$ cat query_9.cif   # mmCIF, C-alpha atoms and all ligand atoms
data_my_file
#
loop_
_atom_site.group_PDB
_atom_site.id
_atom_site.type_symbol
_atom_site.label_atom_id
_atom_site.label_comp_id
_atom_site.auth_asym_id
_atom_site.auth_seq_id
_atom_site.Cartn_x
_atom_site.Cartn_y
_atom_site.Cartn_z
ATOM 1 C CA MET Q 1 0.000 0.000 0.000
ATOM 2 C CA ALA Q 2 1.327 3.458 -0.904
ATOM 3 C CA LYS Q 3 2.336 5.568 2.084
ATOM 4 C CA LYS Q 4 -0.077 8.399 2.751
ATOM 5 C CA PHE Q 5 1.248 11.969 2.608
ATOM 6 C CA VAL Q 6 0.622 13.530 6.018
ATOM 7 C CA ARG Q 7 0.343 17.289 6.356
ATOM 8 C CA ALA Q 8 0.126 18.708 9.884
ATOM 9 C CA VAL Q 9 -0.579 22.178 11.235
ATOM 10 C CA PHE Q 10 0.992 23.610 14.377
ATOM 11 C CA PRO Q 11 -1.488 26.271 15.493
ATOM 12 C CA GLY Q 12 -0.798 28.859 18.155
ATOM 13 C CA SER Q 13 -0.689 32.553 18.808
ATOM 14 C CA PHE Q 14 3.126 32.772 18.623
ATOM 15 C CA ASP Q 15 3.062 36.288 20.074
ATOM 16 C CA PRO Q 16 6.024 36.100 19.851
ATOM 17 C CA ILE Q 17 7.566 32.788 18.779
ATOM 18 C CA THR Q 18 9.828 31.355 21.522
ATOM 19 C CA ASN Q 19 12.658 28.839 21.689
ATOM 20 C CA GLY Q 20 10.042 26.424 23.085
ATOM 21 C CA HIS Q 21 7.884 26.736 19.947
ATOM 22 C CA LEU Q 22 10.950 26.223 17.751
ATOM 23 C CA ASP Q 23 11.790 23.087 19.694
ATOM 24 C CA VAL Q 24 8.264 21.738 19.030
ATOM 25 C CA ILE Q 25 8.628 22.567 15.312
ATOM 26 C CA LYS Q 26 11.991 20.771 15.073
ATOM 27 C CA ARG Q 27 10.678 17.674 16.855
ATOM 28 C CA GLY Q 28 7.324 17.720 15.075
ATOM 29 C CA VAL Q 29 8.569 18.032 11.521
ATOM 30 C CA ASN Q 30 10.233 14.620 11.782
ATOM 31 C CA LEU Q 31 6.828 13.030 12.340
ATOM 32 C CA PHE Q 32 5.123 14.358 9.200
ATOM 33 C CA ASP Q 33 5.734 14.940 5.507
ATOM 34 C CA GLU Q 34 4.891 18.617 5.828
ATOM 35 C CA LEU Q 35 4.264 21.002 8.698
ATOM 36 C CA ILE Q 36 2.518 24.364 8.516
ATOM 37 C CA VAL Q 37 3.047 26.721 11.440
ATOM 38 C CA ALA Q 38 -0.327 28.435 11.688
ATOM 39 C CA VAL Q 39 -0.477 31.791 13.425
ATOM 40 C CA GLY Q 40 -3.898 32.592 14.819
ATOM 41 C CA ASN Q 41 -5.455 35.158 17.087
ATOM 42 C CA SER Q 42 -6.313 34.249 20.624
ATOM 43 C CA PRO Q 43 -9.255 36.361 21.777
ATOM 44 C CA LEU Q 44 -8.249 35.813 25.411
ATOM 45 C CA LYS Q 45 -4.727 37.212 25.073
ATOM 46 C CA ASP Q 46 -3.569 40.814 24.568
ATOM 47 C CA GLN Q 47 -1.702 41.003 21.295
ATOM 48 C CA LEU Q 48 1.746 42.560 21.005
ATOM 49 C CA PHE Q 49 2.510 41.792 17.341
ATOM 50 C CA SER Q 50 0.040 41.705 14.425
ATOM 51 C CA LEU Q 51 -0.527 38.421 12.584
ATOM 52 C CA ASP Q 52 1.651 39.646 9.693
ATOM 53 C CA GLU Q 53 4.446 40.640 12.066
ATOM 54 C CA ARG Q 54 4.334 37.280 13.826
ATOM 55 C CA VAL Q 55 4.557 35.476 10.492
ATOM 56 C CA ASP Q 56 7.489 37.691 9.444
ATOM 57 C CA LEU Q 57 9.312 36.918 12.703
ATOM 58 C CA ILE Q 58 8.893 33.169 12.145
ATOM 59 C CA LYS Q 59 9.862 33.033 8.430
ATOM 60 C CA PRO Q 60 13.656 33.416 8.776
ATOM 61 C CA LEU Q 61 13.712 31.037 11.749
ATOM 62 C CA ILE Q 62 12.227 28.153 9.750
ATOM 63 C CA ALA Q 63 13.962 28.962 6.471
ATOM 64 C CA GLY Q 64 16.591 26.287 7.111
ATOM 65 C CA ILE Q 65 14.138 23.541 8.063
ATOM 66 C CA ASP Q 66 12.824 21.412 5.190
ATOM 67 C CA ASN Q 67 9.063 20.956 4.757
ATOM 68 C CA VAL Q 68 8.031 23.681 7.211
ATOM 69 C CA THR Q 69 6.109 26.798 6.182
ATOM 70 C CA VAL Q 70 4.212 29.499 8.049
ATOM 71 C CA GLN Q 71 0.852 31.213 7.424
ATOM 72 C CA TRP Q 72 -1.659 33.143 9.479
ATOM 73 C CA TYR Q 73 -5.330 32.248 9.698
ATOM 74 C CA ASP Q 74 -8.438 33.945 10.921
ATOM 75 C CA CYS Q 75 -11.049 31.237 11.480
ATOM 76 C CA LEU Q 76 -11.558 28.135 13.573
ATOM 77 C CA THR Q 77 -8.392 26.029 13.724
ATOM 78 C CA VAL Q 78 -10.217 22.921 12.485
ATOM 79 C CA GLU Q 79 -11.646 24.864 9.532
ATOM 80 C CA TYR Q 80 -8.210 26.192 8.687
ATOM 81 C CA ALA Q 81 -6.686 22.692 8.920
ATOM 82 C CA ALA Q 82 -9.339 21.311 6.542
ATOM 83 C CA SER Q 83 -8.811 24.196 4.111
ATOM 84 C CA VAL Q 84 -5.108 23.348 3.715
ATOM 85 C CA GLY Q 85 -5.669 19.579 3.615
ATOM 86 C CA ALA Q 86 -4.061 18.881 6.992
ATOM 87 C CA THR Q 87 -5.167 15.741 8.809
ATOM 88 C CA VAL Q 88 -3.231 16.303 12.039
ATOM 89 C CA ILE Q 89 -2.874 19.109 14.573
ATOM 90 C CA LEU Q 90 0.491 19.311 16.327
ATOM 91 C CA ARG Q 91 0.696 20.779 19.834
ATOM 92 C CA GLY Q 92 3.376 20.991 22.506
ATOM 93 C CA LEU Q 93 3.071 20.017 26.155
ATOM 94 C CA ARG Q 94 4.994 21.686 28.984
ATOM 95 C CA ASN Q 95 3.296 20.528 32.140
ATOM 96 C CA LEU Q 96 0.140 19.035 33.606
ATOM 97 C CA THR Q 97 -1.778 22.283 33.241
ATOM 98 C CA ASP Q 98 -1.126 22.119 29.494
ATOM 99 C CA VAL Q 99 -2.248 18.465 29.475
ATOM 100 C CA GLN Q 100 -5.568 19.325 31.074
ATOM 101 C CA TYR Q 101 -6.311 22.165 28.665
ATOM 102 C CA GLU Q 102 -4.951 20.419 25.578
ATOM 103 C CA PHE Q 103 -6.851 17.205 26.357
ATOM 104 C CA GLN Q 104 -10.147 19.074 26.282
ATOM 105 C CA LEU Q 105 -9.205 20.954 23.119
ATOM 106 C CA ALA Q 106 -8.073 17.793 21.319
ATOM 107 C CA MET Q 107 -11.220 15.874 22.291
ATOM 108 C CA THR Q 108 -13.406 18.762 21.111
ATOM 109 C CA ASN Q 109 -11.572 19.104 17.803
ATOM 110 C CA ARG Q 110 -11.895 15.370 17.210
ATOM 111 C CA ALA Q 111 -15.579 15.422 18.109
ATOM 112 C CA VAL Q 112 -16.450 18.378 15.873
ATOM 113 C CA ALA Q 113 -14.094 17.779 12.953
ATOM 114 C CA GLY Q 114 -12.689 14.255 13.270
ATOM 115 C CA ILE Q 115 -9.141 15.612 13.344
ATOM 116 C CA GLU Q 116 -6.427 13.971 15.440
ATOM 117 C CA THR Q 117 -3.970 15.907 17.617
ATOM 118 C CA VAL Q 118 -0.392 14.751 18.099
ATOM 119 C CA PHE Q 119 1.587 16.039 21.076
ATOM 120 C CA VAL Q 120 5.298 16.416 21.592
ATOM 121 C CA MET Q 121 6.820 16.968 25.008
ATOM 122 C CA THR Q 122 8.841 20.117 25.458
ATOM 123 C CA GLY Q 123 12.619 20.003 25.618
ATOM 124 C CA GLU Q 124 13.231 20.152 29.386
ATOM 125 C CA GLN Q 125 15.026 23.482 29.164
ATOM 126 C CA TYR Q 126 11.864 25.063 27.680
ATOM 127 C CA GLY Q 127 9.325 23.719 30.150
ATOM 128 C CA PHE Q 128 8.738 27.150 31.669
ATOM 129 C CA THR Q 129 8.807 29.204 28.480
ATOM 130 C CA SER Q 130 5.532 30.811 27.433
ATOM 131 C CA SER Q 131 4.852 33.764 25.134
ATOM 132 C CA THR Q 132 2.479 35.242 27.700
ATOM 133 C CA LEU Q 133 5.142 35.257 30.420
ATOM 134 C CA ILE Q 134 7.734 36.587 28.000
ATOM 135 C CA ARG Q 135 5.478 39.538 27.135
ATOM 136 C CA GLU Q 136 4.884 40.242 30.825
ATOM 137 C CA ILE Q 137 8.538 39.961 31.867
ATOM 138 C CA ALA Q 138 9.755 42.062 28.934
ATOM 139 C CA ASN Q 139 7.091 44.677 29.645
ATOM 140 C CA LEU Q 140 8.480 45.067 33.159
ATOM 141 C CA GLY Q 141 12.025 45.443 31.828
ATOM 142 C CA GLY Q 142 13.193 41.869 32.459
ATOM 143 C CA ASN Q 143 15.748 40.152 30.248
ATOM 144 C CA VAL Q 144 14.192 37.346 28.202
ATOM 145 C CA SER Q 145 17.012 37.034 25.678
ATOM 146 C CA ASN Q 146 17.745 33.386 26.454
ATOM 147 C CA LEU Q 147 14.111 32.330 25.948
ATOM 148 C CA ILE Q 148 13.570 33.675 22.430
ATOM 149 C CA PRO Q 149 15.695 33.916 19.273
ATOM 150 C CA GLN Q 150 17.933 37.001 19.041
ATOM 151 C CA SER Q 151 15.987 38.484 16.092
ATOM 152 C CA VAL Q 152 12.744 38.199 18.067
ATOM 153 C CA TYR Q 153 14.377 39.783 21.128
ATOM 154 C CA GLU Q 154 15.455 42.820 19.079
ATOM 155 C CA LYS Q 155 11.950 43.259 17.661
ATOM 156 C CA LEU Q 156 10.385 42.836 21.108
ATOM 157 C CA LYS Q 157 12.585 45.525 22.671
ATOM 158 C CA GLN Q 158 11.719 47.870 19.819
ATOM 159 C CA ARG Q 159 7.975 47.191 20.140
ATOM 160 C CA LEU Q 160 7.975 47.826 23.896
ATOM 161 C CA ILE Q 161 9.767 51.150 23.424
ATOM 162 C CA GLU Q 162 7.118 52.170 20.835
ATOM 163 C CA LYS Q 163 4.299 50.971 23.086
ATOM 164 C CA ASN Q 164 5.492 52.737 26.226
ATOM 165 C CA ARG Q 165 6.377 55.981 24.481
HETATM 166 P P1 LIG D 1 1.808 30.282 24.637
HETATM 167 O O1 LIG D 1 1.115 29.254 25.496
HETATM 168 O O2 LIG D 1 3.292 30.270 24.774
HETATM 169 O O3 LIG D 1 1.179 31.650 24.678
HETATM 170 P P2 LIG D 1 0.807 29.481 21.968
HETATM 171 O O4 LIG D 1 -0.640 29.728 22.023
HETATM 172 O O5 LIG D 1 1.524 30.168 20.884
HETATM 173 O O6 LIG D 1 1.642 29.792 23.209
HETATM 174 O O7 LIG D 1 1.090 27.907 21.937
HETATM 175 C C1 LIG D 1 1.007 27.092 20.812
HETATM 176 C C2 LIG D 1 1.341 25.666 21.211
HETATM 177 O O8 LIG D 1 2.731 25.611 21.568
HETATM 178 C C3 LIG D 1 0.583 25.100 22.402
HETATM 179 O O9 LIG D 1 0.355 23.723 22.184
HETATM 180 C C4 LIG D 1 1.545 25.260 23.542
HETATM 181 O O10 LIG D 1 1.306 24.292 24.545
HETATM 182 C C5 LIG D 1 2.860 24.992 22.824
HETATM 183 N N1 LIG D 1 4.012 25.566 23.509
HETATM 184 C C6 LIG D 1 4.203 26.862 23.828
HETATM 185 N N2 LIG D 1 5.393 27.021 24.466
HETATM 186 C C7 LIG D 1 5.955 25.775 24.555
HETATM 187 C C8 LIG D 1 7.147 25.255 25.118
HETATM 188 N N3 LIG D 1 8.009 26.039 25.762
HETATM 189 N N4 LIG D 1 7.378 23.912 25.017
HETATM 190 C C9 LIG D 1 6.461 23.120 24.402
HETATM 191 N N5 LIG D 1 5.319 23.543 23.864
HETATM 192 C C10 LIG D 1 5.055 24.846 23.938
#
$ encode --input "query_9.cif" --output "structure tokens"
Amino acid sequence: MAKKFVRAVFPGSFDPITNGHLDVIKRGVNLFDELIVAVGNSPLKDQLFSLDERVDLIKPLIAGIDNVTVQWYDCLTVEYAASVGATVILRGLRNLTDVQYEFQLAMTNRAVAGIETVFVMTGEQYGFTSSTLIREIANLGGNVSNLIPQSVYEKLKQRLIEKNR
């Protein structure tokens, strides 16, 4: 039987992308034929970068990884996945709080759209890295340079200066 081509999406808000997200991308891409990093809006989170800016921050970081692309989307994740022909959602897990939330999300997505979710465990050095915390720490003047790529750090510093002007 011919092997099926498997396209996966890795949805998230990526505001901004962190070393933890990159770790998930690098682990995840080995599991599929193609991976699309899908940047979406989270209505519950304050946004620092626009969807276009988040995509532009991610592009150079994945340029060297085969079979990974990035796009933004503005609809339900399961609708977006279907529209690009993806049959799997990739998500990362950091801790038991993530498990609880992600379990519910994955069950709901399977119930409403029949789509499976595949999880990868975070690299242990990234277990505490979250975009939300990075935004908060940076906003209060903390140094987050070892949690995000250098190019993202530069853009973040610039954005906070503009925002607090
Ligand atoms: P955050 O929770 O950082 O605001 P996102 O909404 O962008 O992030 O998260 C997208 C996905 O990436 C989620 O499945 C989330 O659990 C996962 N993720 C985020 N940070 C990490 C990390 N440091 N290690 C593993 N997975 C992560």
$ resolve_selection --input "query_9.cif" --expression "the PyMOL selection byres (((not hetatm)) within 6 of (chain D and resi 1))" --output "MDAnalysis selection string"
chainID Q and resid 11:14 20:21 24 91:94 98 122 126:127 129:132
$ axis_aligned_box --input "query_9.cif" --around "segment 41-50 of chain Q" --padding-each-side "6 Å" --output "lines of an AutoDock Vina configuration file"
center_x = -3.4
center_y = 38.4
center_z = 19.9
size_x = 23.8
size_y = 20.3
size_z = 23.0
$ resolve_selection --input "query_9.cif" --expression "the PyMOL selection byres (((chain Q and resi 155) around 12) and not hetatm)" --output "PyMOL selection string"
chain Q and resi 15-17+48-49+53-54+56-58+138+145+148-154+156-162
$ write_last_selection --input "query_9.cif" --atoms "C-alpha atoms" --output "compact mmCIF listing (two decimals), in the frame of the given file"
# COMPACT_ATOMS: atom_id res chain seq x y z
CA ASP Q 15 3.06 36.29 20.07
CA PRO Q 16 6.02 36.10 19.85
CA ILE Q 17 7.57 32.79 18.78
CA LEU Q 48 1.75 42.56 21.00
CA PHE Q 49 2.51 41.79 17.34
CA GLU Q 53 4.45 40.64 12.07
CA ARG Q 54 4.33 37.28 13.83
CA ASP Q 56 7.49 37.69 9.44
CA LEU Q 57 9.31 36.92 12.70
CA ILE Q 58 8.89 33.17 12.14
CA ALA Q 138 9.76 42.06 28.93
CA SER Q 145 17.01 37.03 25.68
CA ILE Q 148 13.57 33.67 22.43
CA PRO Q 149 15.70 33.92 19.27
CA GLN Q 150 17.93 37.00 19.04
CA SER Q 151 15.99 38.48 16.09
CA VAL Q 152 12.74 38.20 18.07
CA TYR Q 153 14.38 39.78 21.13
CA GLU Q 154 15.46 42.82 19.08
CA LEU Q 156 10.38 42.84 21.11
CA LYS Q 157 12.58 45.52 22.67
CA GLN Q 158 11.72 47.87 19.82
CA ARG Q 159 7.98 47.19 20.14
CA LEU Q 160 7.98 47.83 23.90
CA ILE Q 161 9.77 51.15 23.42
CA GLU Q 162 7.12 52.17 20.84
$ closest_residue --input "query_9.cif" --among "Q:Lys163, Q:Lys26, Q:Lys4, Q:Lys45" --to "Ala86 of chain Q" --atoms "only C-alpha atoms"
Q:Lys4
$ residues_around --input "query_9.cif" --residues "Ala38 of chain Q" --least-positions-apart "5" --cutoff "8 Å" --atoms "only C-alpha atoms" --output "NGL selection string"
:Q and (9-12 or 70-73)
$ atom_distance --input "query_9.cif" --atom1 "atom CA of Phe32 of chain Q" --atom2 "atom CA of Asn109 of chain Q"
19.4 Å
$ resolve_selection --input "query_9.cif" --expression "the PyMOL selection byres (((chain Q and resi 69) around 8) and not hetatm)" --output "ChimeraX atom specification"
/Q:35-37,59,62,67-68,70-71
$ atom_distance --input "query_9.cif" --atom1 "atom CA of Phe119 of chain Q" --atom2 "atom CA of Leu90 of chain Q"
5.9 Å
$ atom_distance --input "query_9.cif" --atom1 "atom CA of Met107 of chain Q" --atom2 "atom CA of Phe128 of chain Q"
24.8 Å
$ closest_residue --input "query_9.cif" --among "Q:Asp66, Q:Thr87, Q:Ala111, Q:Val99" --to "Ile25 of chain Q" --atoms "all atoms listed in the file"
Q:Asp66
$ closest_residue --input "query_9.cif" --among "Q:Leu140, Q:Leu51, Q:Leu22, Q:Val120" --to "Ala63 of chain Q" --atoms "all atoms listed in the file"
Q:Leu22
$ closest_residue --input "query_9.cif" --among "Q:Glu124, Q:Leu61, Q:Ile115, Q:Asn95" --to "Tyr80 of chain Q" --atoms "only C-alpha atoms"
Q:Ile115
$ decode --input "query_9.cif" --residues "segment 30-43 of chain Q" --atoms "all heavy atoms" --output "mmCIF file, in the first residue's frame"
data_model
loop_
_atom_site.group_PDB
_atom_site.id
_atom_site.type_symbol
_atom_site.label_atom_id
_atom_site.label_comp_id
_atom_site.auth_asym_id
_atom_site.auth_seq_id
_atom_site.Cartn_x
_atom_site.Cartn_y
_atom_site.Cartn_z
ATOM 1 N N ASN Q 30 9.760 15.985 12.057
ATOM 2 C CA ASN Q 30 10.233 14.620 11.782
ATOM 3 C C ASN Q 30 9.101 13.598 11.742
ATOM 4 O O ASN Q 30 9.283 12.482 11.273
ATOM 5 C CB ASN Q 30 11.228 14.180 12.861
ATOM 6 C CG ASN Q 30 12.461 15.043 12.839
ATOM 7 O OD1 ASN Q 30 12.903 15.446 11.781
ATOM 8 N ND2 ASN Q 30 13.010 15.338 14.008
ATOM 9 N N LEU Q 31 7.937 13.976 12.257
ATOM 10 C CA LEU Q 31 6.828 13.030 12.340
ATOM 11 C C LEU Q 31 5.915 13.079 11.115
ATOM 12 O O LEU Q 31 5.073 12.214 10.935
ATOM 13 C CB LEU Q 31 5.984 13.314 13.592
ATOM 14 C CG LEU Q 31 6.731 13.350 14.932
ATOM 15 C CD1 LEU Q 31 5.786 13.801 16.036
ATOM 16 C CD2 LEU Q 31 7.300 11.981 15.246
ATOM 17 N N PHE Q 32 6.063 14.153 10.318
ATOM 18 C CA PHE Q 32 5.123 14.358 9.200
ATOM 19 C C PHE Q 32 5.869 14.646 7.900
ATOM 20 O O PHE Q 32 7.052 14.949 7.911
ATOM 21 C CB PHE Q 32 4.188 15.542 9.520
ATOM 22 C CG PHE Q 32 3.582 15.460 10.881
ATOM 23 C CD1 PHE Q 32 3.991 16.311 11.899
ATOM 24 C CD2 PHE Q 32 2.618 14.502 11.165
ATOM 25 C CE1 PHE Q 32 3.446 16.215 13.168
ATOM 26 C CE2 PHE Q 32 2.070 14.398 12.428
ATOM 27 C CZ PHE Q 32 2.482 15.261 13.435
ATOM 28 N N ASP Q 33 5.120 14.591 6.795
ATOM 29 C CA ASP Q 33 5.734 14.940 5.507
ATOM 30 C C ASP Q 33 5.843 16.447 5.355
ATOM 31 O O ASP Q 33 6.744 16.951 4.699
ATOM 32 C CB ASP Q 33 4.889 14.364 4.364
ATOM 33 C CG ASP Q 33 4.844 12.853 4.450
ATOM 34 O OD1 ASP Q 33 5.912 12.235 4.338
ATOM 35 O OD2 ASP Q 33 3.754 12.294 4.671
ATOM 36 N N GLU Q 34 4.887 17.166 5.947
ATOM 37 C CA GLU Q 34 4.891 18.617 5.828
ATOM 38 C C GLU Q 34 4.254 19.217 7.078
ATOM 39 O O GLU Q 34 3.303 18.664 7.617
ATOM 40 C CB GLU Q 34 4.069 19.010 4.593
ATOM 41 C CG GLU Q 34 4.209 20.462 4.208
ATOM 42 C CD GLU Q 34 3.267 20.817 3.059
ATOM 43 O OE1 GLU Q 34 3.188 20.035 2.076
ATOM 44 O OE2 GLU Q 34 2.595 21.842 3.171
ATOM 45 N N LEU Q 35 4.808 20.336 7.506
ATOM 46 C CA LEU Q 35 4.264 21.002 8.698
ATOM 47 C C LEU Q 35 4.029 22.475 8.374
ATOM 48 O O LEU Q 35 4.921 23.158 7.859
ATOM 49 C CB LEU Q 35 5.262 20.871 9.856
ATOM 50 C CG LEU Q 35 4.873 21.547 11.170
ATOM 51 C CD1 LEU Q 35 3.619 20.904 11.768
ATOM 52 C CD2 LEU Q 35 6.021 21.461 12.184
ATOM 53 N N ILE Q 36 2.825 22.939 8.691
ATOM 54 C CA ILE Q 36 2.518 24.364 8.516
ATOM 55 C C ILE Q 36 2.362 24.985 9.900
ATOM 56 O O ILE Q 36 1.515 24.562 10.693
ATOM 57 C CB ILE Q 36 1.210 24.587 7.716
ATOM 58 C CG1 ILE Q 36 1.276 23.863 6.367
ATOM 59 C CG2 ILE Q 36 0.965 26.080 7.509
ATOM 60 C CD1 ILE Q 36 -0.035 23.921 5.579
ATOM 61 N N VAL Q 37 3.199 25.960 10.201
ATOM 62 C CA VAL Q 37 3.047 26.721 11.440
ATOM 63 C C VAL Q 37 1.927 27.719 11.170
ATOM 64 O O VAL Q 37 2.013 28.509 10.229
ATOM 65 C CB VAL Q 37 4.361 27.441 11.810
ATOM 66 C CG1 VAL Q 37 4.191 28.222 13.103
ATOM 67 C CG2 VAL Q 37 5.511 26.438 11.913
ATOM 68 N N ALA Q 38 0.875 27.653 11.969
ATOM 69 C CA ALA Q 38 -0.327 28.435 11.688
ATOM 70 C C ALA Q 38 -0.547 29.457 12.806
ATOM 71 O O ALA Q 38 -0.843 29.100 13.943
ATOM 72 C CB ALA Q 38 -1.529 27.502 11.560
ATOM 73 N N VAL Q 39 -0.398 30.715 12.438
ATOM 74 C CA VAL Q 39 -0.477 31.791 13.425
ATOM 75 C C VAL Q 39 -1.902 32.320 13.497
ATOM 76 O O VAL Q 39 -2.426 32.826 12.505
ATOM 77 C CB VAL Q 39 0.485 32.937 13.027
ATOM 78 C CG1 VAL Q 39 0.430 34.048 14.054
ATOM 79 C CG2 VAL Q 39 1.912 32.412 12.875
ATOM 80 N N GLY Q 40 -2.508 32.167 14.663
ATOM 81 C CA GLY Q 40 -3.898 32.592 14.819
ATOM 82 C C GLY Q 40 -4.036 33.592 15.946
ATOM 83 O O GLY Q 40 -3.116 33.791 16.741
ATOM 84 N N ASN Q 41 -5.199 34.216 16.009
ATOM 85 C CA ASN Q 41 -5.455 35.158 17.087
ATOM 86 C C ASN Q 41 -6.098 34.460 18.253
ATOM 87 O O ASN Q 41 -6.956 33.612 18.064
ATOM 88 C CB ASN Q 41 -6.392 36.264 16.598
ATOM 89 C CG ASN Q 41 -5.608 37.468 16.135
ATOM 90 O OD1 ASN Q 41 -4.533 37.749 16.673
ATOM 91 N ND2 ASN Q 41 -6.118 38.171 15.145
ATOM 92 N N SER Q 42 -5.659 34.794 19.451
ATOM 93 C CA SER Q 42 -6.313 34.249 20.624
ATOM 94 C C SER Q 42 -7.105 35.370 21.270
ATOM 95 O O SER Q 42 -6.528 36.328 21.759
ATOM 96 C CB SER Q 42 -5.259 33.696 21.586
ATOM 97 O OG SER Q 42 -5.885 33.356 22.782
ATOM 98 N N PRO Q 43 -8.438 35.262 21.261
ATOM 99 C CA PRO Q 43 -9.255 36.361 21.777
ATOM 100 C C PRO Q 43 -9.009 36.628 23.270
ATOM 101 O O PRO Q 43 -9.299 37.707 23.753
ATOM 102 C CB PRO Q 43 -10.691 35.892 21.534
ATOM 103 C CG PRO Q 43 -10.619 34.452 21.188
ATOM 104 C CD PRO Q 43 -9.223 34.128 20.783
#
